[in-house]
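Novice: Data file work_20.cif (mmCIF, N, CA and C atoms) is appended below.
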```cif
data_my_file
#
loop_
_atom_site.label_atom_id
_atom_site.label_comp_id
_atom_site.auth_asym_id
_atom_site.auth_seq_id
_atom_site.Cartn_x
_atom_site.Cartn_y
_atom_site.Cartn_z
N MET A 1 32.98 -95.55 49.26
CA MET A 1 31.81 -94.86 49.74
C MET A 1 31.79 -94.73 51.25
N ARG A 2 32.37 -95.69 51.90
CA ARG A 2 32.39 -95.63 53.36
C ARG A 2 33.15 -94.40 53.85
N LYS A 3 34.20 -94.03 53.12
CA LYS A 3 35.00 -92.87 53.53
C LYS A 3 34.17 -91.60 53.49
N ILE A 4 33.41 -91.39 52.44
CA ILE A 4 32.59 -90.18 52.35
C ILE A 4 31.52 -90.17 53.43
N LEU A 5 31.01 -91.34 53.78
CA LEU A 5 29.99 -91.42 54.83
C LEU A 5 30.56 -91.08 56.20
N THR A 6 31.83 -91.40 56.43
CA THR A 6 32.42 -91.10 57.73
C THR A 6 32.97 -89.67 57.80
N GLU A 7 33.36 -89.11 56.67
CA GLU A 7 33.99 -87.79 56.68
C GLU A 7 33.05 -86.62 56.43
N SER A 8 31.83 -86.89 56.02
CA SER A 8 30.87 -85.82 55.74
C SER A 8 29.65 -85.98 56.62
N THR A 9 28.97 -84.88 56.89
CA THR A 9 27.75 -84.96 57.69
C THR A 9 26.61 -85.50 56.84
N ALA A 10 25.65 -86.11 57.50
CA ALA A 10 24.48 -86.64 56.80
C ALA A 10 23.73 -85.51 56.09
N LYS A 11 23.64 -84.37 56.75
CA LYS A 11 22.93 -83.23 56.16
C LYS A 11 23.62 -82.75 54.89
N ALA A 12 24.95 -82.64 54.92
CA ALA A 12 25.69 -82.17 53.74
C ALA A 12 25.52 -83.13 52.57
N ILE A 13 25.61 -84.42 52.86
CA ILE A 13 25.45 -85.43 51.79
C ILE A 13 24.04 -85.37 51.23
N SER A 14 23.06 -85.32 52.11
CA SER A 14 21.66 -85.30 51.68
C SER A 14 21.35 -84.09 50.81
N GLU A 15 21.81 -82.93 51.24
CA GLU A 15 21.55 -81.71 50.47
C GLU A 15 22.23 -81.72 49.11
N ALA A 16 23.43 -82.26 49.05
CA ALA A 16 24.20 -82.26 47.80
C ALA A 16 23.72 -83.33 46.82
N THR A 17 23.15 -84.41 47.33
CA THR A 17 22.80 -85.55 46.47
C THR A 17 21.30 -85.73 46.26
N ASN A 18 20.50 -85.04 47.05
CA ASN A 18 19.04 -85.22 47.03
C ASN A 18 18.62 -86.63 47.44
N ILE A 19 19.46 -87.28 48.23
CA ILE A 19 19.11 -88.56 48.85
C ILE A 19 18.52 -88.19 50.21
N GLY A 20 17.46 -88.86 50.61
CA GLY A 20 16.79 -88.54 51.85
C GLY A 20 17.73 -88.58 53.05
N LEU A 21 17.54 -87.63 53.96
CA LEU A 21 18.39 -87.55 55.15
C LEU A 21 18.31 -88.83 55.97
N SER A 22 17.14 -89.40 56.09
CA SER A 22 17.00 -90.64 56.87
C SER A 22 17.77 -91.79 56.23
N SER A 23 17.80 -91.84 54.91
CA SER A 23 18.56 -92.89 54.21
C SER A 23 20.05 -92.74 54.47
N ILE A 24 20.54 -91.50 54.42
CA ILE A 24 21.96 -91.25 54.67
C ILE A 24 22.30 -91.62 56.11
N LYS A 25 21.45 -91.24 57.06
CA LYS A 25 21.71 -91.57 58.47
C LYS A 25 21.76 -93.08 58.68
N LYS A 26 20.89 -93.82 57.99
CA LYS A 26 20.90 -95.28 58.10
C LYS A 26 22.17 -95.87 57.51
N LEU A 27 22.65 -95.30 56.42
CA LEU A 27 23.90 -95.76 55.82
C LEU A 27 25.08 -95.47 56.75
N LYS A 28 25.10 -94.27 57.34
CA LYS A 28 26.18 -93.89 58.24
C LYS A 28 26.22 -94.77 59.49
N SER A 29 25.05 -95.14 59.99
CA SER A 29 24.98 -95.92 61.23
C SER A 29 25.20 -97.41 61.00
N GLY A 30 25.09 -97.84 59.75
CA GLY A 30 25.22 -99.25 59.44
C GLY A 30 23.90 -100.00 59.46
N GLU A 31 22.82 -99.28 59.78
CA GLU A 31 21.49 -99.90 59.79
C GLU A 31 21.10 -100.36 58.38
N ARG A 32 21.57 -99.62 57.38
CA ARG A 32 21.33 -99.95 55.97
C ARG A 32 22.68 -100.26 55.33
N SER A 33 22.75 -101.34 54.58
CA SER A 33 23.99 -101.78 53.97
C SER A 33 24.31 -100.98 52.70
N VAL A 34 25.55 -100.52 52.60
CA VAL A 34 26.00 -99.80 51.42
C VAL A 34 25.91 -100.71 50.19
N GLU A 35 26.20 -101.98 50.38
CA GLU A 35 26.18 -102.93 49.26
C GLU A 35 24.77 -103.14 48.70
N LYS A 36 23.76 -102.84 49.47
CA LYS A 36 22.38 -103.04 49.01
C LYS A 36 21.69 -101.73 48.62
N MET A 37 22.47 -100.67 48.51
CA MET A 37 21.94 -99.37 48.11
C MET A 37 21.46 -99.44 46.65
N ASN A 38 20.41 -98.70 46.32
CA ASN A 38 19.96 -98.72 44.93
C ASN A 38 20.97 -98.00 44.04
N LEU A 39 20.97 -98.35 42.78
CA LEU A 39 21.98 -97.86 41.85
C LEU A 39 21.97 -96.34 41.70
N ALA A 40 20.80 -95.74 41.64
CA ALA A 40 20.70 -94.29 41.47
C ALA A 40 21.35 -93.56 42.64
N ASP A 41 21.09 -94.02 43.86
CA ASP A 41 21.69 -93.40 45.03
C ASP A 41 23.19 -93.66 45.08
N ALA A 42 23.62 -94.82 44.67
CA ALA A 42 25.05 -95.15 44.65
C ALA A 42 25.79 -94.22 43.69
N ILE A 43 25.20 -93.93 42.55
CA ILE A 43 25.81 -93.02 41.58
C ILE A 43 25.90 -91.61 42.15
N LYS A 44 24.82 -91.14 42.77
CA LYS A 44 24.82 -89.81 43.37
C LYS A 44 25.89 -89.70 44.46
N LEU A 45 25.97 -90.72 45.29
CA LEU A 45 26.95 -90.71 46.38
C LEU A 45 28.38 -90.78 45.85
N THR A 46 28.59 -91.55 44.80
CA THR A 46 29.91 -91.64 44.17
C THR A 46 30.31 -90.30 43.56
N ASP A 47 29.39 -89.64 42.88
CA ASP A 47 29.68 -88.32 42.30
C ASP A 47 30.01 -87.31 43.40
N PHE A 48 29.28 -87.36 44.49
CA PHE A 48 29.56 -86.48 45.63
C PHE A 48 30.96 -86.74 46.18
N ALA A 49 31.30 -88.01 46.31
CA ALA A 49 32.62 -88.38 46.83
C ALA A 49 33.73 -87.90 45.91
N LYS A 50 33.54 -88.05 44.62
CA LYS A 50 34.56 -87.60 43.66
C LYS A 50 34.84 -86.11 43.79
N LYS A 51 33.80 -85.34 44.07
CA LYS A 51 33.94 -83.89 44.17
C LYS A 51 34.49 -83.44 45.52
N ASN A 52 34.37 -84.27 46.54
CA ASN A 52 34.66 -83.82 47.90
C ASN A 52 35.79 -84.55 48.62
N ILE A 53 36.32 -85.59 48.04
CA ILE A 53 37.43 -86.31 48.68
C ILE A 53 38.57 -86.45 47.70
N SER A 54 39.76 -86.15 48.17
CA SER A 54 40.93 -86.29 47.30
C SER A 54 41.30 -87.76 47.14
N ALA A 55 41.93 -88.07 46.06
CA ALA A 55 42.35 -89.45 45.78
C ALA A 55 43.41 -89.88 46.78
N GLU A 56 43.37 -91.13 47.12
CA GLU A 56 44.34 -91.68 48.07
C GLU A 56 44.99 -92.90 47.44
N ILE A 57 46.30 -92.90 47.43
CA ILE A 57 47.04 -94.00 46.84
C ILE A 57 47.71 -94.79 47.94
N ASN A 58 47.46 -96.08 47.98
CA ASN A 58 48.09 -96.97 48.96
C ASN A 58 49.01 -97.92 48.25
N ILE A 59 50.23 -98.02 48.72
CA ILE A 59 51.21 -98.94 48.13
C ILE A 59 51.42 -100.08 49.11
N TRP A 60 51.18 -101.28 48.64
CA TRP A 60 51.33 -102.46 49.48
C TRP A 60 52.71 -103.04 49.29
N LYS A 61 53.35 -103.41 50.36
CA LYS A 61 54.68 -104.02 50.27
C LYS A 61 54.68 -105.37 50.90
#
```
Kindly present the structure from the file in structure tokens form.

Specialist:
Amino acid sequence: MRKILTESTAKAISEATNIGLSSIKKLKSGERSVEKMNLADAIKLTDFAKKNISAEINIWK
């Protein structure tokens, strides 16, 4: 979720997810913890991320 918060604007996320703009701005700034986000907003943000960010595979050696 942190990746979508850094790569997308607060306005774009808010409009696509119907999560309040102020809530998104607080998440982006770190004022509000992603880990303490309510479940409904976490699902909306996850769905937005799935649609807007390509999968990334990291191989550890």

Novice: Mind listing the alpha helix (DSSP H) residues of chain A, per DSSP on the backbone, as a PyMOL selection string?

Specialist: chain A and resi 2-7+10-17+21-29+39-52

Novice: Restrict the selected residues to N, CA and C atoms and save them as a short mmCIF file (atom, residue, chain, number, x, y, z; two decimals), in the frame of the given file.

Specialist:
```cif
data_model
loop_
_atom_site.label_atom_id
_atom_site.label_comp_id
_atom_site.auth_asym_id
_atom_site.auth_seq_id
_atom_site.Cartn_x
_atom_site.Cartn_y
_atom_site.Cartn_z
N ARG A 2 32.37 -95.69 51.90
CA ARG A 2 32.39 -95.63 53.36
C ARG A 2 33.15 -94.40 53.85
N LYS A 3 34.20 -94.03 53.12
CA LYS A 3 35.00 -92.87 53.53
C LYS A 3 34.17 -91.60 53.49
N ILE A 4 33.41 -91.39 52.44
CA ILE A 4 32.59 -90.18 52.35
C ILE A 4 31.52 -90.17 53.43
N LEU A 5 31.01 -91.34 53.78
CA LEU A 5 29.99 -91.42 54.83
C LEU A 5 30.56 -91.08 56.20
N THR A 6 31.83 -91.40 56.43
CA THR A 6 32.42 -91.10 57.73
C THR A 6 32.97 -89.67 57.80
N GLU A 7 33.36 -89.11 56.67
CA GLU A 7 33.99 -87.79 56.68
C GLU A 7 33.05 -86.62 56.43
N ALA A 10 25.65 -86.11 57.50
CA ALA A 10 24.48 -86.64 56.80
C ALA A 10 23.73 -85.51 56.09
N LYS A 11 23.64 -84.37 56.75
CA LYS A 11 22.93 -83.23 56.16
C LYS A 11 23.62 -82.75 54.89
N ALA A 12 24.95 -82.64 54.92
CA ALA A 12 25.69 -82.17 53.74
C ALA A 12 25.52 -83.13 52.57
N ILE A 13 25.61 -84.42 52.86
CA ILE A 13 25.45 -85.43 51.79
C ILE A 13 24.04 -85.37 51.23
N SER A 14 23.06 -85.32 52.11
CA SER A 14 21.66 -85.30 51.68
C SER A 14 21.35 -84.09 50.81
N GLU A 15 21.81 -82.93 51.24
CA GLU A 15 21.55 -81.71 50.47
C GLU A 15 22.23 -81.72 49.11
N ALA A 16 23.43 -82.26 49.05
CA ALA A 16 24.20 -82.26 47.80
C ALA A 16 23.72 -83.33 46.82
N THR A 17 23.15 -84.41 47.33
CA THR A 17 22.80 -85.55 46.47
C THR A 17 21.30 -85.73 46.26
N LEU A 21 17.54 -87.63 53.96
CA LEU A 21 18.39 -87.55 55.15
C LEU A 21 18.31 -88.83 55.97
N SER A 22 17.14 -89.40 56.09
CA SER A 22 17.00 -90.64 56.87
C SER A 22 17.77 -91.79 56.23
N SER A 23 17.80 -91.84 54.91
CA SER A 23 18.56 -92.89 54.21
C SER A 23 20.05 -92.74 54.47
N ILE A 24 20.54 -91.50 54.42
CA ILE A 24 21.96 -91.25 54.67
C ILE A 24 22.30 -91.62 56.11
N LYS A 25 21.45 -91.24 57.06
CA LYS A 25 21.71 -91.57 58.47
C LYS A 25 21.76 -93.08 58.68
N LYS A 26 20.89 -93.82 57.99
CA LYS A 26 20.90 -95.28 58.10
C LYS A 26 22.17 -95.87 57.51
N LEU A 27 22.65 -95.30 56.42
CA LEU A 27 23.90 -95.76 55.82
C LEU A 27 25.08 -95.47 56.75
N LYS A 28 25.10 -94.27 57.34
CA LYS A 28 26.18 -93.89 58.24
C LYS A 28 26.22 -94.77 59.49
N SER A 29 25.05 -95.14 59.99
CA SER A 29 24.98 -95.92 61.23
C SER A 29 25.20 -97.41 61.00
N LEU A 39 20.97 -98.35 42.78
CA LEU A 39 21.98 -97.86 41.85
C LEU A 39 21.97 -96.34 41.70
N ALA A 40 20.80 -95.74 41.64
CA ALA A 40 20.70 -94.29 41.47
C ALA A 40 21.35 -93.56 42.64
N ASP A 41 21.09 -94.02 43.86
CA ASP A 41 21.69 -93.40 45.03
C ASP A 41 23.19 -93.66 45.08
N ALA A 42 23.62 -94.82 44.67
CA ALA A 42 25.05 -95.15 44.65
C ALA A 42 25.79 -94.22 43.69
N ILE A 43 25.20 -93.93 42.55
CA ILE A 43 25.81 -93.02 41.58
C ILE A 43 25.90 -91.61 42.15
N LYS A 44 24.82 -91.14 42.77
CA LYS A 44 24.82 -89.81 43.37
C LYS A 44 25.89 -89.70 44.46
N LEU A 45 25.97 -90.72 45.29
CA LEU A 45 26.95 -90.71 46.38
C LEU A 45 28.38 -90.78 45.85
N THR A 46 28.59 -91.55 44.80
CA THR A 46 29.91 -91.64 44.17
C THR A 46 30.31 -90.30 43.56
N ASP A 47 29.39 -89.64 42.88
CA ASP A 47 29.68 -88.32 42.30
C ASP A 47 30.01 -87.31 43.40
N PHE A 48 29.28 -87.36 44.49
CA PHE A 48 29.56 -86.48 45.63
C PHE A 48 30.96 -86.74 46.18
N ALA A 49 31.30 -88.01 46.31
CA ALA A 49 32.62 -88.38 46.83
C ALA A 49 33.73 -87.90 45.91
N LYS A 50 33.54 -88.05 44.62
CA LYS A 50 34.56 -87.60 43.66
C LYS A 50 34.84 -86.11 43.79
N LYS A 51 33.80 -85.34 44.07
CA LYS A 51 33.94 -83.89 44.17
C LYS A 51 34.49 -83.44 45.52
N ASN A 52 34.37 -84.27 46.54
CA ASN A 52 34.66 -83.82 47.90
C ASN A 52 35.79 -84.55 48.62
#
```

Novice: I'd like to see the residues matched by the PyMOL selection byres ((chain A and resi 42-46) around 8) on this file, and ideally I'd get them as a VMD selection string.

Specialist: chain A and resid 1 4 13 16 to 19 34 37 to 41 47 to 52

Novice: Store the residues picked out above in a file with N, CA and C atoms, as a short mmCIF file (atom, residue, chain, number, x, y, z; two decimals), in the coordinates of the input.

Specialist:
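Output (part_36.cif):
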```cif
data_model
loop_
_atom_site.label_atom_id
_atom_site.label_comp_id
_atom_site.auth_asym_id
_atom_site.auth_seq_id
_atom_site.Cartn_x
_atom_site.Cartn_y
_atom_site.Cartn_z
N MET A 1 32.98 -95.55 49.26
CA MET A 1 31.81 -94.86 49.74
C MET A 1 31.79 -94.73 51.25
N ILE A 4 33.41 -91.39 52.44
CA ILE A 4 32.59 -90.18 52.35
C ILE A 4 31.52 -90.17 53.43
N ILE A 13 25.61 -84.42 52.86
CA ILE A 13 25.45 -85.43 51.79
C ILE A 13 24.04 -85.37 51.23
N ALA A 16 23.43 -82.26 49.05
CA ALA A 16 24.20 -82.26 47.80
C ALA A 16 23.72 -83.33 46.82
N THR A 17 23.15 -84.41 47.33
CA THR A 17 22.80 -85.55 46.47
C THR A 17 21.30 -85.73 46.26
N ASN A 18 20.50 -85.04 47.05
CA ASN A 18 19.04 -85.22 47.03
C ASN A 18 18.62 -86.63 47.44
N ILE A 19 19.46 -87.28 48.23
CA ILE A 19 19.11 -88.56 48.85
C ILE A 19 18.52 -88.19 50.21
N VAL A 34 25.55 -100.52 52.60
CA VAL A 34 26.00 -99.80 51.42
C VAL A 34 25.91 -100.71 50.19
N MET A 37 22.47 -100.67 48.51
CA MET A 37 21.94 -99.37 48.11
C MET A 37 21.46 -99.44 46.65
N ASN A 38 20.41 -98.70 46.32
CA ASN A 38 19.96 -98.72 44.93
C ASN A 38 20.97 -98.00 44.04
N LEU A 39 20.97 -98.35 42.78
CA LEU A 39 21.98 -97.86 41.85
C LEU A 39 21.97 -96.34 41.70
N ALA A 40 20.80 -95.74 41.64
CA ALA A 40 20.70 -94.29 41.47
C ALA A 40 21.35 -93.56 42.64
N ASP A 41 21.09 -94.02 43.86
CA ASP A 41 21.69 -93.40 45.03
C ASP A 41 23.19 -93.66 45.08
N ASP A 47 29.39 -89.64 42.88
CA ASP A 47 29.68 -88.32 42.30
C ASP A 47 30.01 -87.31 43.40
N PHE A 48 29.28 -87.36 44.49
CA PHE A 48 29.56 -86.48 45.63
C PHE A 48 30.96 -86.74 46.18
N ALA A 49 31.30 -88.01 46.31
CA ALA A 49 32.62 -88.38 46.83
C ALA A 49 33.73 -87.90 45.91
N LYS A 50 33.54 -88.05 44.62
CA LYS A 50 34.56 -87.60 43.66
C LYS A 50 34.84 -86.11 43.79
N LYS A 51 33.80 -85.34 44.07
CA LYS A 51 33.94 -83.89 44.17
C LYS A 51 34.49 -83.44 45.52
N ASN A 52 34.37 -84.27 46.54
CA ASN A 52 34.66 -83.82 47.90
C ASN A 52 35.79 -84.55 48.62
#
```

Novice: May I ask for the distance between atom CA of Leu5 of chain A and atom CA of Lys61 of chain A, given in Å to one decimal place?

Specialist: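 That distance, rounded to one decimal, is 28.1 Å.
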